[in-house]
Structures are given as structure tokens and as C-alpha cells.
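Trainee: Here you go, this is input37.txt (compact mmCIF, C-alpha atoms).
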```txt
# COMPACT_ATOMS: atom_id res chain seq x y z
CA MET U 1 84.15 -22.90 4.98
CA PRO U 2 82.40 -26.16 4.09
CA ARG U 3 78.94 -24.60 4.15
CA ALA U 4 79.07 -21.62 1.80
CA PRO U 5 80.73 -23.45 -1.16
CA HIS U 6 78.20 -26.24 -0.78
CA VAL U 7 75.28 -23.80 -1.03
CA GLU U 8 76.91 -22.05 -4.00
CA LYS U 9 77.39 -25.41 -5.74
CA HIS U 10 73.77 -26.30 -5.16
CA PHE U 11 72.68 -22.96 -6.62
CA THR U 12 74.81 -23.46 -9.75
CA ALA U 13 73.55 -27.04 -10.18
CA GLY U 14 69.99 -25.72 -9.99
CA ASN U 15 70.66 -23.21 -12.76
CA PHE U 16 72.36 -25.87 -14.87
CA VAL U 17 69.46 -28.29 -14.59
CA ARG U 18 67.00 -25.48 -15.29
CA ASP U 19 68.91 -24.57 -18.48
CA VAL U 20 69.04 -28.22 -19.59
CA VAL U 21 65.28 -28.46 -19.04
CA ILE U 22 64.65 -25.23 -21.02
CA GLY U 23 66.79 -26.32 -23.97
CA MET U 24 65.87 -29.98 -24.06
CA SER U 25 62.10 -29.70 -23.71
CA ASP U 26 61.92 -27.47 -26.79
CA GLY U 27 64.72 -29.38 -28.56
CA LEU U 28 62.86 -32.67 -28.21
CA THR U 29 59.45 -31.24 -29.10
CA VAL U 30 59.80 -28.72 -31.93
CA PRO U 31 62.20 -30.59 -34.31
CA PHE U 32 60.12 -33.74 -33.71
CA ALA U 33 56.92 -31.94 -34.67
CA LEU U 34 58.53 -30.13 -37.61
CA ALA U 35 59.94 -33.39 -39.03
CA ALA U 36 56.51 -35.02 -38.55
CA GLY U 37 54.95 -32.10 -40.41
CA LEU U 38 57.47 -32.28 -43.27
CA SER U 39 56.96 -36.05 -43.55
CA GLY U 40 53.27 -35.29 -44.11
CA ALA U 41 54.26 -33.18 -47.13
CA VAL U 42 57.33 -34.83 -48.72
CA GLN U 43 58.62 -38.37 -49.24
CA ASN U 44 62.27 -37.35 -49.28
CA THR U 45 63.87 -37.95 -45.86
CA ARG U 46 66.94 -35.97 -46.93
CA LEU U 47 64.84 -32.81 -47.10
CA ILE U 48 63.31 -33.59 -43.71
CA VAL U 49 66.81 -33.93 -42.24
CA VAL U 50 67.92 -30.63 -43.84
CA GLY U 51 64.81 -28.83 -42.57
CA GLY U 52 65.14 -30.44 -39.16
CA LEU U 53 68.81 -29.53 -38.78
CA ALA U 54 68.11 -25.97 -39.96
CA GLU U 55 65.47 -25.75 -37.23
CA VAL U 56 67.88 -27.17 -34.63
CA ALA U 57 70.52 -24.59 -35.64
CA ALA U 58 67.98 -21.75 -35.54
CA GLY U 59 66.27 -22.86 -32.35
CA SER U 60 69.46 -23.53 -30.40
CA ILE U 61 70.98 -20.17 -31.37
CA ALA U 62 67.78 -18.23 -30.70
CA MET U 63 67.22 -19.91 -27.32
CA GLY U 64 70.90 -19.81 -26.33
CA LEU U 65 71.24 -16.10 -27.09
CA GLY U 66 67.89 -15.48 -25.43
CA GLY U 67 69.20 -17.21 -22.29
CA TYR U 68 72.42 -15.17 -22.49
CA LEU U 69 70.49 -11.91 -22.59
CA ALA U 70 68.12 -13.02 -19.82
CA ALA U 71 71.07 -13.83 -17.53
CA ARG U 72 72.79 -10.55 -18.45
CA GLY U 73 69.53 -8.73 -17.76
CA ASP U 74 69.28 -10.37 -14.31
CA ALA U 75 72.84 -9.31 -13.50
CA GLU U 76 72.18 -5.71 -14.63
CA HIS U 77 68.90 -5.58 -12.75
CA TYR U 78 70.76 -6.70 -9.61
CA GLU U 79 73.41 -3.99 -10.09
CA GLN U 80 70.77 -1.28 -10.66
CA GLU U 81 68.83 -2.28 -7.56
CA ARG U 82 72.04 -2.41 -5.51
CA GLU U 83 72.97 1.09 -6.65
CA ARG U 84 69.50 2.29 -5.74
CA GLU U 85 69.83 0.76 -2.26
CA TYR U 86 73.23 2.45 -1.83
CA ARG U 87 71.67 5.77 -2.75
CA GLU U 88 68.57 5.28 -0.59
CA ILE U 89 70.33 4.67 2.68
CA LYS U 90 72.81 6.99 4.37
CA GLU U 91 74.48 4.24 6.36
CA ILE U 92 75.10 0.92 4.61
CA PRO U 93 74.60 -1.83 7.14
CA GLU U 94 74.03 -4.91 5.03
CA VAL U 95 73.07 -4.20 1.47
CA ASP U 96 73.21 -7.86 0.44
CA PHE U 97 70.73 -8.63 3.21
CA MET U 98 68.38 -5.94 1.86
CA MET U 99 68.83 -7.19 -1.70
CA ARG U 100 67.85 -10.65 -0.57
CA TYR U 101 64.99 -9.89 1.84
CA GLU U 102 63.59 -6.60 0.64
CA LEU U 103 63.82 -7.40 -3.07
CA GLY U 104 64.19 -11.19 -3.07
CA LEU U 105 67.34 -10.98 -5.24
CA GLU U 106 70.40 -13.24 -5.09
CA GLU U 107 73.69 -11.93 -6.44
CA PRO U 108 74.12 -13.48 -9.90
CA ASP U 109 77.20 -15.47 -10.88
CA PRO U 110 79.22 -13.30 -13.34
CA SER U 111 79.93 -16.19 -15.76
CA ARG U 112 76.28 -17.21 -15.67
CA ALA U 113 75.26 -15.66 -19.02
CA ARG U 114 77.81 -17.59 -21.09
CA THR U 115 77.31 -20.87 -19.23
CA SER U 116 73.56 -20.52 -19.51
CA ALA U 117 73.70 -19.84 -23.27
CA GLY U 118 75.96 -22.85 -23.87
CA THR U 119 73.89 -25.18 -21.72
CA ILE U 120 70.57 -24.19 -23.32
CA ALA U 121 71.94 -24.39 -26.88
CA GLY U 122 73.74 -27.70 -26.25
CA SER U 123 70.64 -29.24 -24.68
CA TYR U 124 68.52 -28.08 -27.61
CA VAL U 125 70.93 -29.70 -30.09
CA ALA U 126 71.15 -32.92 -28.04
CA GLY U 127 67.36 -33.06 -27.78
CA GLY U 128 66.79 -32.17 -31.44
CA LEU U 129 69.09 -34.88 -32.81
CA ILE U 130 66.93 -37.59 -31.19
CA PRO U 131 63.78 -37.08 -33.32
CA LEU U 132 65.87 -36.45 -36.46
CA SER U 133 68.15 -39.51 -36.21
CA PRO U 134 65.60 -42.02 -37.68
CA TYR U 135 65.18 -39.84 -40.78
CA MET U 136 68.97 -39.84 -41.20
CA ILE U 137 69.01 -43.67 -41.28
CA LEU U 138 65.75 -44.55 -43.05
CA ALA U 139 64.91 -43.63 -46.65
CA SER U 140 61.12 -43.63 -46.36
CA ALA U 141 59.47 -40.60 -44.74
CA SER U 142 56.56 -42.60 -43.33
CA ARG U 143 58.82 -45.21 -41.73
CA GLY U 144 61.05 -42.38 -40.50
CA LEU U 145 58.02 -40.74 -38.88
CA LEU U 146 57.01 -43.97 -37.13
CA ALA U 147 60.53 -44.61 -35.80
CA SER U 148 60.91 -40.92 -34.83
CA ALA U 149 57.61 -41.01 -32.91
CA VAL U 150 58.64 -44.16 -30.99
CA VAL U 151 62.14 -42.89 -30.14
CA THR U 152 61.04 -39.32 -29.32
CA LEU U 153 58.03 -40.25 -27.20
CA ALA U 154 60.28 -42.60 -25.22
CA ALA U 155 62.86 -39.81 -24.82
CA LEU U 156 60.13 -37.30 -23.83
CA GLY U 157 58.86 -39.80 -21.24
CA ILE U 158 62.32 -40.33 -19.70
CA PHE U 159 63.04 -36.59 -19.81
CA GLY U 160 59.66 -35.73 -18.27
CA PHE U 161 60.11 -38.36 -15.57
CA MET U 162 63.52 -36.96 -14.57
CA LYS U 163 62.28 -33.37 -14.79
CA GLY U 164 59.33 -34.25 -12.54
CA ARG U 165 61.65 -35.84 -10.01
CA TYR U 166 63.81 -32.73 -9.96
CA THR U 167 61.03 -30.15 -9.83
CA GLY U 168 58.81 -32.14 -7.45
CA THR U 169 55.78 -32.21 -9.79
CA GLY U 170 55.55 -35.99 -9.61
CA PRO U 171 57.60 -38.01 -12.14
CA VAL U 172 54.78 -40.02 -13.75
CA ARG U 173 52.54 -37.00 -14.20
CA SER U 174 55.43 -34.95 -15.60
CA ALA U 175 56.34 -37.78 -18.02
CA ALA U 176 52.72 -37.96 -19.22
CA GLN U 177 52.60 -34.17 -19.70
CA THR U 178 55.77 -33.93 -21.82
CA MET U 179 54.67 -36.90 -23.96
CA VAL U 180 51.20 -35.40 -24.51
CA ILE U 181 52.61 -31.96 -25.45
CA GLY U 182 55.10 -33.51 -27.90
CA GLY U 183 52.45 -35.79 -29.37
CA ILE U 184 49.86 -33.03 -29.83
CA ALA U 185 52.41 -30.65 -31.40
CA ALA U 186 53.63 -33.34 -33.83
CA ALA U 187 50.10 -34.46 -34.75
CA ALA U 188 49.02 -30.85 -35.38
CA ALA U 189 52.08 -30.14 -37.54
CA PHE U 190 51.55 -33.37 -39.52
CA LEU U 191 47.83 -32.69 -40.13
CA LEU U 192 48.41 -29.06 -41.08
CA ALA U 193 51.14 -30.04 -43.56
CA LYS U 194 48.96 -32.84 -45.04
CA LEU U 195 46.12 -30.34 -45.40
CA ILE U 196 48.05 -27.62 -47.22
CA ALA U 197 50.74 -29.61 -49.07
CA MET Q 1 37.98 0.34 -3.91
CA PRO Q 2 39.78 2.31 -6.65
CA ARG Q 3 43.22 1.16 -5.52
CA ALA Q 4 43.12 -2.63 -5.40
CA PRO Q 5 41.45 -3.16 -8.83
CA HIS Q 6 43.98 -0.80 -10.37
CA VAL Q 7 46.90 -2.81 -8.99
CA GLU Q 8 45.27 -6.07 -10.07
CA LYS Q 9 44.76 -4.71 -13.58
CA HIS Q 10 48.36 -3.65 -13.78
CA PHE Q 11 49.46 -7.12 -12.64
CA THR Q 12 47.35 -8.83 -15.34
CA ALA Q 13 48.61 -6.44 -18.02
CA GLY Q 14 52.17 -7.32 -16.97
CA ASN Q 15 51.50 -11.03 -17.39
CA PHE Q 16 49.82 -10.42 -20.75
CA VAL Q 17 52.75 -8.41 -22.10
CA ARG Q 18 55.19 -11.02 -20.76
CA ASP Q 19 53.30 -13.78 -22.60
CA VAL Q 20 53.19 -11.76 -25.82
CA VAL Q 21 56.96 -11.20 -25.53
CA ILE Q 22 57.59 -14.93 -24.90
CA GLY Q 23 55.48 -16.05 -27.85
CA MET Q 24 56.42 -13.36 -30.32
CA SER Q 25 60.19 -13.33 -29.83
CA ASP Q 26 60.38 -17.04 -30.71
CA GLY Q 27 57.60 -16.76 -33.30
CA LEU Q 28 59.47 -14.04 -35.20
CA THR Q 29 62.89 -15.70 -34.90
CA VAL Q 30 62.55 -19.46 -35.40
CA PRO Q 31 60.19 -19.62 -38.42
CA PHE Q 32 62.26 -16.84 -40.03
CA ALA Q 33 65.46 -18.83 -39.54
CA LEU Q 34 63.88 -22.12 -40.58
CA ALA Q 35 62.49 -20.59 -43.80
CA ALA Q 36 65.91 -19.05 -44.48
CA GLY Q 37 67.48 -22.49 -43.97
CA LEU Q 38 64.99 -24.22 -46.25
CA SER Q 39 65.51 -21.55 -48.93
CA GLY Q 40 69.21 -22.49 -48.84
CA ALA Q 41 68.21 -26.07 -49.73
CA VAL Q 42 65.17 -25.87 -52.04
CA GLN Q 43 63.89 -23.56 -54.76
CA ASN Q 44 60.24 -24.34 -54.14
CA THR Q 45 58.61 -21.66 -51.98
CA ARG Q 46 55.52 -23.86 -51.52
CA LEU Q 47 57.64 -26.36 -49.55
CA ILE Q 48 59.15 -23.53 -47.49
CA VAL Q 49 55.64 -22.33 -46.64
CA VAL Q 50 54.54 -25.87 -45.68
CA GLY Q 51 57.64 -26.38 -43.51
CA GLY Q 52 57.28 -22.92 -42.00
CA LEU Q 53 53.59 -23.37 -41.16
CA ALA Q 54 54.30 -26.83 -39.70
CA GLU Q 55 56.91 -25.19 -37.48
CA VAL Q 56 54.50 -22.42 -36.46
CA ALA Q 57 51.85 -25.04 -35.55
CA ALA Q 58 54.38 -27.11 -33.60
CA GLY Q 59 56.07 -24.17 -31.90
CA SER Q 60 52.87 -22.38 -30.90
CA ILE Q 61 51.33 -25.56 -29.44
CA ALA Q 62 54.53 -26.58 -27.63
CA MET Q 63 55.05 -23.09 -26.19
CA GLY Q 64 51.37 -22.53 -25.40
CA LEU Q 65 51.01 -25.84 -23.54
CA GLY Q 66 54.33 -25.19 -21.84
CA GLY Q 67 53.00 -21.84 -20.63
CA TYR Q 68 49.77 -23.51 -19.48
CA LEU Q 69 51.68 -26.04 -17.38
CA ALA Q 70 54.02 -23.37 -15.99
CA ALA Q 71 51.05 -21.25 -14.83
CA ARG Q 72 49.30 -24.34 -13.40
CA GLY Q 73 52.55 -25.25 -11.64
CA ASP Q 74 52.75 -21.74 -10.10
CA ALA Q 75 49.18 -22.05 -8.85
CA GLU Q 76 49.84 -25.49 -7.33
CA HIS Q 77 53.07 -24.33 -5.76
CA TYR Q 78 51.16 -21.44 -4.15
CA GLU Q 79 48.50 -23.82 -2.80
CA GLN Q 80 51.11 -26.23 -1.39
CA GLU Q 81 53.01 -23.43 0.33
CA ARG Q 82 49.77 -22.01 1.72
CA GLU Q 83 48.81 -25.42 3.15
CA ARG Q 84 52.26 -25.71 4.69
CA GLU Q 85 51.87 -22.28 6.31
CA TYR Q 86 48.45 -23.28 7.67
CA ARG Q 87 49.98 -26.40 9.18
CA GLU Q 88 53.05 -24.61 10.55
CA ILE Q 89 51.22 -22.01 12.58
CA LYS Q 90 48.66 -22.69 15.31
CA GLU Q 91 47.00 -19.32 14.99
CA ILE Q 92 46.41 -17.95 11.51
CA PRO Q 93 46.88 -14.19 11.62
CA GLU Q 94 47.48 -13.25 8.01
CA VAL Q 95 48.57 -16.11 5.81
CA ASP Q 96 48.48 -14.03 2.63
CA PHE Q 97 50.87 -11.59 4.26
CA MET Q 98 53.25 -14.46 5.09
CA MET Q 99 52.92 -15.86 1.56
CA ARG Q 100 53.85 -12.51 0.16
CA TYR Q 101 56.65 -11.45 2.51
CA GLU Q 102 58.09 -14.72 3.79
CA LEU Q 103 57.95 -16.54 0.45
CA GLY Q 104 57.59 -13.68 -2.01
CA LEU Q 105 54.52 -15.30 -3.57
CA GLU Q 106 51.45 -13.54 -5.01
CA GLU Q 107 48.20 -15.44 -5.22
CA PRO Q 108 47.86 -16.52 -8.87
CA ASP Q 109 44.82 -15.66 -10.96
CA PRO Q 110 42.83 -18.93 -11.43
CA SER Q 111 42.18 -18.34 -15.16
CA ARG Q 112 45.85 -17.50 -15.71
CA ALA Q 113 46.89 -20.87 -17.21
CA ARG Q 114 44.38 -20.78 -20.06
CA THR Q 115 44.88 -17.07 -20.79
CA SER Q 116 48.64 -17.53 -20.74
CA ALA Q 117 48.52 -20.50 -23.14
CA GLY Q 118 46.30 -18.64 -25.59
CA THR Q 119 48.35 -15.46 -25.47
CA ILE Q 120 51.69 -17.25 -26.00
CA ALA Q 121 50.35 -19.45 -28.83
CA GLY Q 122 48.56 -16.55 -30.54
CA SER Q 123 51.64 -14.33 -30.35
CA TYR Q 124 53.80 -17.13 -31.77
CA VAL Q 125 51.41 -17.55 -34.72
CA ALA Q 126 51.18 -13.77 -35.29
CA GLY Q 127 54.97 -13.49 -35.14
CA GLY Q 128 55.57 -16.56 -37.33
CA LEU Q 129 53.29 -15.42 -40.17
CA ILE Q 130 55.44 -12.30 -40.71
CA PRO Q 131 58.62 -14.08 -41.95
CA LEU Q 132 56.54 -16.63 -43.92
CA SER Q 133 54.28 -14.16 -45.76
CA PRO Q 134 56.82 -13.21 -48.49
CA TYR Q 135 57.27 -16.90 -49.40
CA MET Q 136 53.48 -17.19 -49.75
CA ILE Q 137 53.45 -14.36 -52.31
CA LEU Q 138 56.72 -14.84 -54.19
CA ALA Q 139 57.59 -17.89 -56.31
CA SER Q 140 61.40 -17.69 -56.07
CA ALA Q 141 63.01 -18.91 -52.85
CA SER Q 142 65.92 -16.45 -53.07
CA ARG Q 143 63.63 -13.45 -53.59
CA GLY Q 144 61.41 -14.79 -50.81
CA LEU Q 145 64.42 -14.94 -48.49
CA LEU Q 146 65.42 -11.36 -49.29
CA ALA Q 147 61.89 -10.02 -48.72
CA SER Q 148 61.50 -12.16 -45.59
CA ALA Q 149 64.77 -10.83 -44.17
CA VAL Q 150 63.74 -7.19 -44.78
CA VAL Q 151 60.23 -7.60 -43.34
CA THR Q 152 61.32 -9.75 -40.38
CA LEU Q 153 64.32 -7.64 -39.36
CA ALA Q 154 62.04 -4.57 -39.43
CA ALA Q 155 59.46 -6.42 -37.32
CA LEU Q 156 62.16 -7.64 -34.90
CA GLY Q 157 63.44 -4.08 -34.59
CA ILE Q 158 59.97 -2.67 -33.78
CA PHE Q 159 59.22 -5.57 -31.42
CA GLY Q 160 62.59 -5.21 -29.67
CA PHE Q 161 62.11 -1.44 -29.35
CA MET Q 162 58.69 -1.86 -27.73
CA LYS Q 163 59.94 -4.70 -25.53
CA GLY Q 164 62.87 -2.56 -24.38
CA ARG Q 165 60.53 0.31 -23.55
CA TYR Q 166 58.38 -2.01 -21.48
CA THR Q 167 61.15 -3.87 -19.66
CA GLY Q 168 63.34 -0.81 -19.16
CA THR Q 169 66.40 -2.28 -20.96
CA GLY Q 170 66.64 0.70 -23.30
CA PRO Q 171 64.61 0.56 -26.54
CA VAL Q 172 67.44 1.01 -29.05
CA ARG Q 173 69.69 -1.55 -27.39
CA SER Q 174 66.81 -4.03 -27.12
CA ALA Q 175 65.92 -3.48 -30.80
CA ALA Q 176 69.54 -4.11 -31.81
CA GLN Q 177 69.67 -7.28 -29.69
CA THR Q 178 66.52 -8.88 -31.15
CA MET Q 179 67.64 -8.04 -34.70
CA VAL Q 180 71.11 -9.52 -34.11
CA ILE Q 181 69.70 -12.73 -32.57
CA GLY Q 182 67.24 -13.19 -35.45
CA GLY Q 183 69.91 -12.42 -38.03
CA ILE Q 184 72.48 -14.80 -36.56
CA ALA Q 185 69.95 -17.63 -36.21
CA ALA Q 186 68.75 -17.20 -39.81
CA ALA Q 187 72.30 -16.95 -41.21
CA ALA Q 188 73.37 -20.09 -39.30
CA ALA Q 189 70.33 -22.05 -40.50
CA PHE Q 190 70.88 -20.91 -44.10
CA LEU Q 191 74.60 -21.81 -44.07
CA LEU Q 192 74.02 -25.17 -42.42
CA ALA Q 193 71.32 -26.08 -44.95
CA LYS Q 194 73.53 -24.93 -47.88
CA LEU Q 195 76.35 -27.04 -46.50
CA ILE Q 196 74.44 -30.30 -46.11
CA ALA Q 197 71.77 -30.03 -48.84
```
I'd like the structure from this file rewritten - as C-alpha cells, please.
Mentor:
Amino acid sequence: MPRAPHVEKHFTAGNFVRDVVIGMSDGLTVPFALAAGLSGAVQNTRLIVVGGLAEVAAGSIAMGLGGYLAARGDAEHYEQEREREYREIKEIPEVDFMMRYELGLEEPDPSRARTSAGTIAGSYVAGGLIPLSPYMILASASRGLLASAVVTLAALGIFGFMKGRYTGTGPVRSAAQTMVIGGIAAAAAFLLAKLIA
Amino acid sequence: MPRAPHVEKHFTAGNFVRDVVIGMSDGLTVPFALAAGLSGAVQNTRLIVVGGLAEVAAGSIAMGLGGYLAARGDAEHYEQEREREYREIKEIPEVDFMMRYELGLEEPDPSRARTSAGTIAGSYVAGGLIPLSPYMILASASRGLLASAVVTLAALGIFGFMKGRYTGTGPVRSAAQTMVIGGIAAAAAFLLAKLIA
């Protein structure tokens, strides 16, 4: 009794963290870069906030529903393969064993799709509000950009560090990677907007 | 000789299609929704195009670099597990066999990270230019939104149909899903921007 629930809990926690990582890494990066790009084109922070929040709404819904469908797809794939195994064998000794070792499939949690969608979307929103918050407080786009870069790069560093610890990539290296990706994306968006605006 | 290269080719094609799907599904959806949101807040299509292109730059770089790191991570994970297998056994009969059947790992293609990054980023850009193109041609934001919705929903439908055919989800169902996700994300972004602008 104490073993199986523990393993199940671990499995669910792994999915949860994975969904937070999926939602938050894009949520921190893309709204940050978009706001940086807009601040290269307009002086009005209100417009940057509107654009940024529209992106957060769009991105969180698109990623959340994408995660929902991916989890649903996994569950259906599992069912299809199980049915095929039932058909293939005359006697059914241990189908779950075959699912796991022949096909490398774990039985998916039935509530996984909804939980996954909510976790990804929520993490995207939580991540996206960090780069946008300075523009909500400050009136000048250039000062907003500076404050947003400081706050977001710090958040990307902390997030990357924790992600690296969890995934075993090495926390410092992971922190450097997430900060570099966010920085490059924001710089590219800013330069492109400056160029064409 | 004719068998192994054929399998390898099939494997690479699978990765390529997967990367196109990753890049294009976000590339079609998020810039579409962001432009819809901005058109709920401003009348100036030039600003929508600037914001949209900034998002495409940011999104394609963030997703492309993310894909690069994911592929590099897979390759490193494979190497680590292979070293562990070497250490674990005294005799080395067929390590690749153990990698494949004990751990379910295939040896990754060494050029995979760069190819994956380029494919994801390119597909994001290709996808993102579709919803933005009407705003580049038309001067009115509301007419741009209408044209963008028609063009993008059609593109999402075709993309979803082809994706469904490839993944085996059922083309019509997959087409409906991608269109609904894109539509909901764009409607939410538009309403949110209308509300706060």
C-alpha cells in the first residue's frame, strides 16, 4: 500500500513540473520579447501593455489547449495500443506489462488533459505578467524596457536554475541558457521593430 | 544495405515533420491572435504589423533555440546512459541493443539540434506571415482582422488536416481542433484588448 501511491504521486508531480516548465519558459520569454519589440516602435506604455496582455491571453490559450489535446492524444494512443494487444494475443496474461515493456507506455491519468491545460496556461500567465509589470507601472517605454529586462532576466535566471536542478542539466548552465534565449529573442524583436517602425 | 538507410530516412523525415508541426502550429496561432488583439485596440495596421513581426521574431527564436537545446539534451542524455551501461557491465556484448530495449533510446543524429532549430524557427516564420499578410496590404484594422481571420482559419484547417493525416488522429477532427484553438485564442485576445484598451 505505501509504495504504489508514492510512485503515482511522483509521476503526477513530474507531469506537473513539466507543464509548469512548458508554460513558464514561453510565458517569460515571448511576452518579454514582444514588449521589448513594441517599445522599439512606440513610446506609449499603455499600448505595450495591451499588446503584451493580448499575447499572454493568446499564448496561454493556444499552449493550454495544445497541452490538453496532447494529453488526450496520449490517452487515446494508449487505448488503441491496448486494444491492439488484446486482439493480437489469444490469452491475456499481463497486458499492462506488455504495454509498458513492449511499447514503453504508461497508463495515462484520466484527468491529465484538463490538469495539464490549466497548469500550462496558468504558468504562461504567471510568467508573462513578470516582463509586462514594469510597463504597467512606468510611463516611459524606454525605462519600462530597462526595468523589464532587469526583472525578466533575473526571473529567467531563477527559473532556469530551478529547471536545471529538476532536469539534471546542471543549474548554472540551465540558468545561463534560459537567460541567453530570452535575451536574444528580446534583442531580435527590438531591433526588427526599430528597423521597420 | 537497402534496408537500414530506408529506416534512417524515415526516422529523419519523422523528426522533420514533427518540427514543422511544432513551429507552424504556434506560428499560425499566436501571431494571428496577437494581431486580432491589437486590432481591437488600435486602428493603425502599421503598428499591428510591427507588433506581429516582433512577435514572429521573438517566437521563432525562442522556439528554435528551445528545440536546439531539447535535441542537444537528448543527445547528452543518450551519451550519459551509454556511459552508465559501459560502466555497469564487465563485458560489452551489444550496448546499442541495451540502449534501445532496456532504455527505449535511439542514438540521436549529431546534426539534429541545428536542423531542428532551423526547421522549427522557419516553420514559425512561415506560419506567422500568413495571419500578418492582410494587415500588410490593407489600411483598416477591422478589414485586416476579417481578412486575416479568413486566411488564417483556412490555413489552420489545411494544416490541421495534413497534421491529422500524418499523426493518425483523423484529418477532419484534427482540422476542426486546430481551427477551434486558433479561433478561441484570437477571440480571447481581441476581447481582452477591447476591454482594457
Trainee: Residues of chain Q near chain U: apply a cut-off of 8 Å, count all atoms listed in the file, and supply the list as number ranges by chain.
Mentor: Q: 26, 29-30, 33-34, 37-38, 41, 46-47, 50-51, 53-55, 57-59, 61-62, 65-66, 73, 104, 169, 181-182, 184-186, 188-190, 192-193, 196-197
Trainee: Go ahead and save the picked residues with C-alpha atoms, as a short mmCIF file (atom, residue, chain, number, x, y, z; two decimals), keeping the file's coordinate frame.
Mentor:
```cif
data_model
loop_
_atom_site.label_atom_id
_atom_site.label_comp_id
_atom_site.auth_asym_id
_atom_site.auth_seq_id
_atom_site.Cartn_x
_atom_site.Cartn_y
_atom_site.Cartn_z
CA ASP Q 26 60.38 -17.04 -30.71
CA THR Q 29 62.89 -15.70 -34.90
CA VAL Q 30 62.55 -19.46 -35.40
CA ALA Q 33 65.46 -18.83 -39.54
CA LEU Q 34 63.88 -22.12 -40.58
CA GLY Q 37 67.48 -22.49 -43.97
CA LEU Q 38 64.99 -24.22 -46.25
CA ALA Q 41 68.21 -26.07 -49.73
CA ARG Q 46 55.52 -23.86 -51.52
CA LEU Q 47 57.64 -26.36 -49.55
CA VAL Q 50 54.54 -25.87 -45.68
CA GLY Q 51 57.64 -26.38 -43.51
CA LEU Q 53 53.59 -23.37 -41.16
CA ALA Q 54 54.30 -26.83 -39.70
CA GLU Q 55 56.91 -25.19 -37.48
CA ALA Q 57 51.85 -25.04 -35.55
CA ALA Q 58 54.38 -27.11 -33.60
CA GLY Q 59 56.07 -24.17 -31.90
CA ILE Q 61 51.33 -25.56 -29.44
CA ALA Q 62 54.53 -26.58 -27.63
CA LEU Q 65 51.01 -25.84 -23.54
CA GLY Q 66 54.33 -25.19 -21.84
CA GLY Q 73 52.55 -25.25 -11.64
CA GLY Q 104 57.59 -13.68 -2.01
CA THR Q 169 66.40 -2.28 -20.96
CA ILE Q 181 69.70 -12.73 -32.57
CA GLY Q 182 67.24 -13.19 -35.45
CA ILE Q 184 72.48 -14.80 -36.56
CA ALA Q 185 69.95 -17.63 -36.21
CA ALA Q 186 68.75 -17.20 -39.81
CA ALA Q 188 73.37 -20.09 -39.30
CA ALA Q 189 70.33 -22.05 -40.50
CA PHE Q 190 70.88 -20.91 -44.10
CA LEU Q 192 74.02 -25.17 -42.42
CA ALA Q 193 71.32 -26.08 -44.95
CA ILE Q 196 74.44 -30.30 -46.11
CA ALA Q 197 71.77 -30.03 -48.84
#
```
Trainee: One number please: atom CA of Gly157 of chain Q to atom CA of Pro131 of chain Q, in Å, one decimal.
Mentor: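 Atom CA of Gly157 of chain Q sits 13.3 Å away from atom CA of Pro131 of chain Q.
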Trainee: Name the residues within 9 Å of (61.9, -45.9, -49.3), counting only C-alpha atoms in the file's coordinates, and put them as a PyMOL selection string.
Mentor: chain U and resi 43-45+138-143
Trainee: In Å, how far is it from atom CA of Asn15 of chain U to atom CA of Gly164 of chain U?
Mentor: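 We find that atom CA of Asn15 of chain U and atom CA of Gly164 of chain U lie 15.8 Å from each other.
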Trainee: Which neighbours of Lys163 of chain U fall inside 12 Å, counting all atoms listed in the file, when residues of the same chain fewer than 3 positions from it are skipped, and could you give them as a ChimeraX atom specification?
Mentor: /U:14,17-22,24-25,155-160,166-178
Trainee: Given only C-alpha atoms as the basis, pick out the residue of Q:Arg72, Q:Tyr135, Q:Glu81, Q:Gly67 nearest to Ala117 of chain Q.
Mentor: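 Closest to Ala117 of chain Q, using only C-alpha atoms: Q:Gly67.
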Trainee: Any idea what the distance is between atom CA of Arg165 of chain U and atom CA of Gly23 of chain U?
Mentor: 17.7 Å
Trainee: Taking (76.9, -21.3, -17.8) in the coordinates of the supplied file, I want to know which residues reach to within 10 Å of it, counting all atoms listed in the file; could you give the answer as a compact mmCIF listing (two decimals) with C-alpha atoms, in the coordinates of the input?
Mentor:
```
# COMPACT_ATOMS: atom_id res chain seq x y z
CA THR U 12 74.81 -23.46 -9.75
CA ASN U 15 70.66 -23.21 -12.76
CA PHE U 16 72.36 -25.87 -14.87
CA ASP U 19 68.91 -24.57 -18.48
CA GLY U 67 69.20 -17.21 -22.29
CA TYR U 68 72.42 -15.17 -22.49
CA ALA U 71 71.07 -13.83 -17.53
CA ASP U 109 77.20 -15.47 -10.88
CA PRO U 110 79.22 -13.30 -13.34
CA SER U 111 79.93 -16.19 -15.76
CA ARG U 112 76.28 -17.21 -15.67
CA ALA U 113 75.26 -15.66 -19.02
CA ARG U 114 77.81 -17.59 -21.09
CA THR U 115 77.31 -20.87 -19.23
CA SER U 116 73.56 -20.52 -19.51
CA ALA U 117 73.70 -19.84 -23.27
CA GLY U 118 75.96 -22.85 -23.87
CA THR U 119 73.89 -25.18 -21.72
CA ILE U 120 70.57 -24.19 -23.32
```
